[in-house]
>>> print(open('coords.pdb').read())   # PDB, N, CA and C atoms
ATOM      1  N   MET H 335       0.853  -1.172   0.000  1.00  0.00           N
ATOM      2  CA  MET H 335       0.000   0.000   0.000  1.00  0.00           C
ATOM      3  C   MET H 335       0.897   1.233   0.000  1.00  0.00           C
ATOM      4  N   ALA H 336       0.712   2.086  -0.961  1.00  0.00           N
ATOM      5  CA  ALA H 336       1.532   3.283  -1.113  1.00  0.00           C
ATOM      6  C   ALA H 336       1.042   4.373  -0.168  1.00  0.00           C
ATOM      7  N   LEU H 337       1.998   5.137   0.336  1.00  0.00           N
ATOM      8  CA  LEU H 337       1.642   6.264   1.189  1.00  0.00           C
ATOM      9  C   LEU H 337       1.236   7.438   0.313  1.00  0.00           C
ATOM     10  N   GLY H 338       0.177   8.080   0.699  1.00  0.00           N
ATOM     11  CA  GLY H 338      -0.298   9.234  -0.071  1.00  0.00           C
ATOM     12  C   GLY H 338       0.388  10.517   0.367  1.00  0.00           C
ATOM     13  N   ARG H 339       0.041  11.586  -0.309  1.00  0.00           N
ATOM     14  CA  ARG H 339       0.612  12.884   0.052  1.00  0.00           C
ATOM     15  C   ARG H 339       0.064  13.308   1.413  1.00  0.00           C
ATOM     16  N   ASP H 340       0.868  14.113   2.129  1.00  0.00           N
ATOM     17  CA  ASP H 340       0.408  14.624   3.416  1.00  0.00           C
ATOM     18  C   ASP H 340      -0.739  15.599   3.216  1.00  0.00           C
ATOM     19  N   HIS H 341      -1.644  15.544   4.134  1.00  0.00           N
ATOM     20  CA  HIS H 341      -2.748  16.499   4.113  1.00  0.00           C
ATOM     21  C   HIS H 341      -2.216  17.870   4.528  1.00  0.00           C
ATOM     22  N   GLU H 342      -2.885  18.914   4.130  1.00  0.00           N
ATOM     23  CA  GLU H 342      -2.465  20.282   4.430  1.00  0.00           C
ATOM     24  C   GLU H 342      -2.399  20.528   5.943  1.00  0.00           C
ATOM     25  N   LEU H 343      -3.258  19.882   6.689  1.00  0.00           N
ATOM     26  CA  LEU H 343      -3.270  20.018   8.146  1.00  0.00           C
ATOM     27  C   LEU H 343      -1.959  19.504   8.750  1.00  0.00           C
ATOM     28  N   HIS H 344      -1.435  18.412   8.211  1.00  0.00           N
ATOM     29  CA  HIS H 344      -0.181  17.863   8.726  1.00  0.00           C
ATOM     30  C   HIS H 344       0.980  18.810   8.466  1.00  0.00           C
ATOM     31  N   ARG H 345       0.978  19.479   7.326  1.00  0.00           N
ATOM     32  CA  ARG H 345       2.057  20.427   7.032  1.00  0.00           C
ATOM     33  C   ARG H 345       2.002  21.624   7.979  1.00  0.00           C
ATOM     34  N   ARG H 346       0.810  22.125   8.258  1.00  0.00           N
ATOM     35  CA  ARG H 346       0.682  23.257   9.186  1.00  0.00           C
ATOM     36  C   ARG H 346       1.105  22.852  10.590  1.00  0.00           C
ATOM     37  N   ARG H 347       0.702  21.672  11.016  1.00  0.00           N
ATOM     38  CA  ARG H 347       1.055  21.189  12.350  1.00  0.00           C
ATOM     39  C   ARG H 347       2.568  20.999  12.451  1.00  0.00           C
ATOM     40  N   GLY H 348       3.191  20.502  11.410  1.00  0.00           N
ATOM     41  CA  GLY H 348       4.640  20.337  11.394  1.00  0.00           C
ATOM     42  C   GLY H 348       5.361  21.666  11.499  1.00  0.00           C
ATOM     43  N   GLY H 349       4.856  22.683  10.813  1.00  0.00           N
ATOM     44  CA  GLY H 349       5.456  24.014  10.909  1.00  0.00           C
ATOM     45  C   GLY H 349       5.315  24.600  12.308  1.00  0.00           C
ATOM     46  N   ARG H 350       4.181  24.376  12.921  1.00  0.00           N
ATOM     47  CA  ARG H 350       3.954  24.859  14.288  1.00  0.00           C
ATOM     48  C   ARG H 350       4.876  24.138  15.266  1.00  0.00           C
ATOM     49  N   ASN H 351       5.047  22.835  15.075  1.00  0.00           N
ATOM     50  CA  ASN H 351       5.943  22.074  15.950  1.00  0.00           C
ATOM     51  C   ASN H 351       7.378  22.563  15.814  1.00  0.00           C
ATOM     52  N   THR H 352       7.785  22.888  14.610  1.00  0.00           N
ATOM     53  CA  THR H 352       9.131  23.407  14.387  1.00  0.00           C
ATOM     54  C   THR H 352       9.304  24.743  15.107  1.00  0.00           C
ATOM     55  N   GLY H 353       8.307  25.596  15.040  1.00  0.00           N
ATOM     56  CA  GLY H 353       8.372  26.888  15.730  1.00  0.00           C
ATOM     57  C   GLY H 353       8.471  26.735  17.236  1.00  0.00           C
ATOM     58  N   VAL H 354       7.704  25.833  17.795  1.00  0.00           N
ATOM     59  CA  VAL H 354       7.749  25.588  19.239  1.00  0.00           C
ATOM     60  C   VAL H 354       9.112  25.024  19.637  1.00  0.00           C
ATOM     61  N   ALA H 355       9.654  24.129  18.815  1.00  0.00           N
ATOM     62  CA  ALA H 355      10.963  23.544  19.108  1.00  0.00           C
ATOM     63  C   ALA H 355      12.052  24.624  19.068  1.00  0.00           C
ATOM     64  N   LEU H 356      11.991  25.522  18.101  1.00  0.00           N
ATOM     65  CA  LEU H 356      12.981  26.604  18.014  1.00  0.00           C
ATOM     66  C   LEU H 356      12.872  27.558  19.201  1.00  0.00           C
ATOM     67  N   ALA H 357      11.646  27.884  19.615  1.00  0.00           N
ATOM     68  CA  ALA H 357      11.460  28.768  20.767  1.00  0.00           C
ATOM     69  C   ALA H 357      11.983  28.112  22.044  1.00  0.00           C
ATOM     70  N   LEU H 358      11.722  26.834  22.222  1.00  0.00           N
ATOM     71  CA  LEU H 358      12.215  26.118  23.396  1.00  0.00           C
ATOM     72  C   LEU H 358      13.741  26.047  23.382  1.00  0.00           C
ATOM     73  N   GLY H 359      14.318  25.792  22.217  1.00  0.00           N
ATOM     74  CA  GLY H 359      15.771  25.762  22.090  1.00  0.00           C
ATOM     75  C   GLY H 359      16.391  27.115  22.418  1.00  0.00           C
ATOM     76  N   ALA H 360      15.756  28.202  21.959  1.00  0.00           N
ATOM     77  CA  ALA H 360      16.262  29.545  22.257  1.00  0.00           C
ATOM     78  C   ALA H 360      16.204  29.830  23.756  1.00  0.00           C
ATOM     79  N   LEU H 361      15.144  29.418  24.423  1.00  0.00           N
ATOM     80  CA  LEU H 361      15.026  29.611  25.866  1.00  0.00           C
ATOM     81  C   LEU H 361      16.127  28.852  26.602  1.00  0.00           C
ATOM     82  N   ILE H 362      16.397  27.636  26.184  1.00  0.00           N
ATOM     83  CA  ILE H 362      17.449  26.842  26.820  1.00  0.00           C
ATOM     84  C   ILE H 362      18.800  27.503  26.630  1.00  0.00           C
ATOM     85  N   VAL H 363      19.066  28.029  25.436  1.00  0.00           N
ATOM     86  CA  VAL H 363      20.344  28.694  25.164  1.00  0.00           C
ATOM     87  C   VAL H 363      20.499  29.941  26.029  1.00  0.00           C
ATOM     88  N   VAL H 364      19.438  30.724  26.192  1.00  0.00           N
ATOM     89  CA  VAL H 364      19.505  31.938  27.023  1.00  0.00           C
ATOM     90  C   VAL H 364      19.780  31.579  28.480  1.00  0.00           C
ATOM     91  N   ILE H 365      19.070  30.606  29.011  1.00  0.00           N
ATOM     92  CA  ILE H 365      19.274  30.215  30.408  1.00  0.00           C
ATOM     93  C   ILE H 365      20.681  29.665  30.610  1.00  0.00           C
ATOM     94  N   PHE H 366      21.169  28.859  29.685  1.00  0.00           N
ATOM     95  CA  PHE H 366      22.519  28.323  29.784  1.00  0.00           C
ATOM     96  C   PHE H 366      23.547  29.447  29.716  1.00  0.00           C
ATOM     97  N   GLY H 367      23.332  30.407  28.825  1.00  0.00           N
ATOM     98  CA  GLY H 367      24.246  31.543  28.710  1.00  0.00           C
ATOM     99  C   GLY H 367      24.307  32.366  29.981  1.00  0.00           C
ATOM    100  N   LEU H 368      23.162  32.625  30.594  1.00  0.00           N
ATOM    101  CA  LEU H 368      23.138  33.367  31.852  1.00  0.00           C
ATOM    102  C   LEU H 368      23.849  32.596  32.957  1.00  0.00           C
ATOM    103  N   THR H 369      23.678  31.302  32.991  1.00  0.00           N
ATOM    104  CA  THR H 369      24.343  30.477  33.994  1.00  0.00           C
ATOM    105  C   THR H 369      25.853  30.525  33.816  1.00  0.00           C
ATOM    106  N   VAL H 370      26.320  30.379  32.600  1.00  0.00           N
ATOM    107  CA  VAL H 370      27.754  30.419  32.335  1.00  0.00           C
ATOM    108  C   VAL H 370      28.329  31.785  32.693  1.00  0.00           C
ATOM    109  N   ALA H 371      27.614  32.859  32.362  1.00  0.00           N
ATOM    110  CA  ALA H 371      28.095  34.205  32.667  1.00  0.00           C
ATOM    111  C   ALA H 371      28.210  34.419  34.175  1.00  0.00           C
ATOM    112  N   LYS H 372      27.250  33.917  34.940  1.00  0.00           N
ATOM    113  CA  LYS H 372      27.307  34.087  36.394  1.00  0.00           C
ATOM    114  C   LYS H 372      28.454  33.287  37.003  1.00  0.00           C
ATOM    115  N   VAL H 373      28.678  32.075  36.512  1.00  0.00           N
ATOM    116  CA  VAL H 373      29.744  31.237  37.043  1.00  0.00           C
ATOM    117  C   VAL H 373      31.114  31.835  36.698  1.00  0.00           C
ATOM    118  N   GLU H 374      31.276  32.351  35.495  1.00  0.00           N
ATOM    119  CA  GLU H 374      32.563  32.917  35.078  1.00  0.00           C
ATOM    120  C   GLU H 374      32.919  34.186  35.846  1.00  0.00           C
ATOM    121  N   ARG H 375      31.901  34.936  36.281  1.00  0.00           N
ATOM    122  CA  ARG H 375      32.169  36.172  37.025  1.00  0.00           C
ATOM    123  C   ARG H 375      32.703  35.881  38.410  1.00  0.00           C
ATOM    124  N   GLY H 376      32.484  34.707  38.912  1.00  0.00           N
ATOM    125  CA  GLY H 376      33.008  34.317  40.205  1.00  0.00           C
ATOM    126  C   GLY H 376      32.154  34.730  41.379  1.00  0.00           C
ATOM    127  N   GLU H 377      30.928  35.149  41.143  1.00  0.00           N
ATOM    128  CA  GLU H 377      30.046  35.510  42.251  1.00  0.00           C
ATOM    129  C   GLU H 377      29.607  34.236  42.970  1.00  0.00           C
ATOM    130  N   PRO H 378      29.364  34.355  44.259  1.00  0.00           N
ATOM    131  CA  PRO H 378      28.902  33.159  44.978  1.00  0.00           C
ATOM    132  C   PRO H 378      27.503  32.762  44.515  1.00  0.00           C
ATOM    133  N   LEU H 379      27.313  31.484  44.320  1.00  0.00           N
ATOM    134  CA  LEU H 379      26.006  30.973  43.939  1.00  0.00           C
ATOM    135  C   LEU H 379      25.241  30.650  45.214  1.00  0.00           C
ATOM    136  N   GLU H 380      24.181  31.388  45.465  1.00  0.00           N
ATOM    137  CA  GLU H 380      23.399  31.185  46.677  1.00  0.00           C
ATOM    138  C   GLU H 380      22.001  30.736  46.298  1.00  0.00           C
ATOM    139  N   ALA H 381      21.533  29.717  46.951  1.00  0.00           N
ATOM    140  CA  ALA H 381      20.196  29.216  46.698  1.00  0.00           C
ATOM    141  C   ALA H 381      19.308  29.532  47.900  1.00  0.00           C
ATOM    142  N   TYR H 382      18.028  29.472  47.692  1.00  0.00           N
ATOM    143  CA  TYR H 382      17.074  29.703  48.767  1.00  0.00           C
ATOM    144  C   TYR H 382      16.972  28.429  49.587  1.00  0.00           C
ATOM    145  N   ASP H 383      17.600  28.436  50.762  1.00  0.00           N
ATOM    146  CA  ASP H 383      17.634  27.225  51.560  1.00  0.00           C
ATOM    147  C   ASP H 383      17.170  27.454  53.008  1.00  0.00           C
ATOM    148  N   HIS H 384      16.396  28.490  53.239  1.00  0.00           N
ATOM    149  CA  HIS H 384      15.818  28.782  54.545  1.00  0.00           C
ATOM    150  C   HIS H 384      16.878  29.002  55.622  1.00  0.00           C
ATOM    151  N   SER H 385      17.981  29.582  55.254  1.00  0.00           N
ATOM    152  CA  SER H 385      19.005  29.875  56.243  1.00  0.00           C
ATOM    153  C   SER H 385      19.396  31.353  56.125  1.00  0.00           C
ATOM    154  N   PHE H 386      19.983  31.873  57.178  1.00  0.00           N
ATOM    155  CA  PHE H 386      20.388  33.271  57.218  1.00  0.00           C
ATOM    156  C   PHE H 386      21.587  33.493  56.303  1.00  0.00           C
ATOM    157  N   ARG H 387      21.490  34.521  55.455  1.00  0.00           N
ATOM    158  CA  ARG H 387      22.601  34.865  54.562  1.00  0.00           C
ATOM    159  C   ARG H 387      22.927  36.336  54.748  1.00  0.00           C
ATOM    160  N   PRO H 388      24.039  36.648  55.365  1.00  0.00           N
ATOM    161  CA  PRO H 388      24.397  38.046  55.594  1.00  0.00           C
ATOM    162  C   PRO H 388      24.565  38.840  54.305  1.00  0.00           C
ATOM    163  N   SER H 389      24.888  38.187  53.214  1.00  0.00           N
ATOM    164  CA  SER H 389      25.085  38.909  51.955  1.00  0.00           C
ATOM    165  C   SER H 389      23.808  39.540  51.440  1.00  0.00           C
ATOM    166  N   LEU H 390      22.653  39.086  51.922  1.00  0.00           N
ATOM    167  CA  LEU H 390      21.382  39.653  51.485  1.00  0.00           C
ATOM    168  C   LEU H 390      20.905  40.789  52.381  1.00  0.00           C
ATOM    169  N   MET H 391      21.560  40.996  53.504  1.00  0.00           N
ATOM    170  CA  MET H 391      21.154  42.040  54.444  1.00  0.00           C
ATOM    171  C   MET H 391      21.689  43.392  53.975  1.00  0.00           C
ATOM    172  N   GLU H 392      20.853  44.402  54.109  1.00  0.00           N
ATOM    173  CA  GLU H 392      21.312  45.760  53.822  1.00  0.00           C
ATOM    174  C   GLU H 392      22.034  46.291  55.046  1.00  0.00           C
ATOM    175  N   TYR H 393      23.162  46.896  54.812  1.00  0.00           N
ATOM    176  CA  TYR H 393      23.959  47.414  55.919  1.00  0.00           C
ATOM    177  C   TYR H 393      23.426  48.779  56.319  1.00  0.00           C
ATOM    178  N   ALA H 394      23.070  48.903  57.589  1.00  0.00           N
ATOM    179  CA  ALA H 394      22.572  50.180  58.119  1.00  0.00           C
ATOM    180  C   ALA H 394      23.759  51.017  58.565  1.00  0.00           C
ATOM    181  N   GLU H 395      23.699  52.275  58.211  1.00  0.00           N
ATOM    182  CA  GLU H 395      24.815  53.149  58.603  1.00  0.00           C
ATOM    183  C   GLU H 395      24.348  54.138  59.642  1.00  0.00           C
TER
END
>>> encode(input="coords.pdb", output="C-alpha cells")
Amino acid sequence: MALGRDHELHRRRGGRNTGVALALGALIVVIFGLTVAKVERGEPLEAYDHSFRPSLMEYAE
C-alpha cells in the first residue's frame, strides 16, 4: 500500500511544531548563557535554603 501525500493540516502542524521547538531551544540557550556568565564572574552561587545569609542584608549606617 503506497503512502499518499500529506494532508495540508499535517504540514501546518509540522510548521507549528518546528516553531515551538525553536522557541524552546532559544530559551534553553539563554538560560545556559546566563548560567555560564554568572559562574565565570566568580560571584557566589546562593540558593534559597531557609538559612540566614548576611550577603542579602542591607547594611545600616
>>> atom_distance(input="coords.pdb", atom1="atom C of H:Lys372", atom2="atom C of H:Leu358")
21.3 Å
>>> axis_aligned_box(input="coords.pdb", around="stretch 341-353 of chain H", padding_each_side="3 Å", output="lines of an AutoDock Vina configuration file")
center_x = 3.0
center_y = 21.2
center_z = 10.7
size_x = 18.6
size_y = 17.3
size_z = 19.1
>>> atom_distance(input="coords.pdb", atom1="atom CA of H:Val364", atom2="atom CA of H:Arg350")
21.3 Å
>>> atom_distance(input="coords.pdb", atom1="atom CA of H:Ala355", atom2="atom N of H:Thr369")
20.4 Å
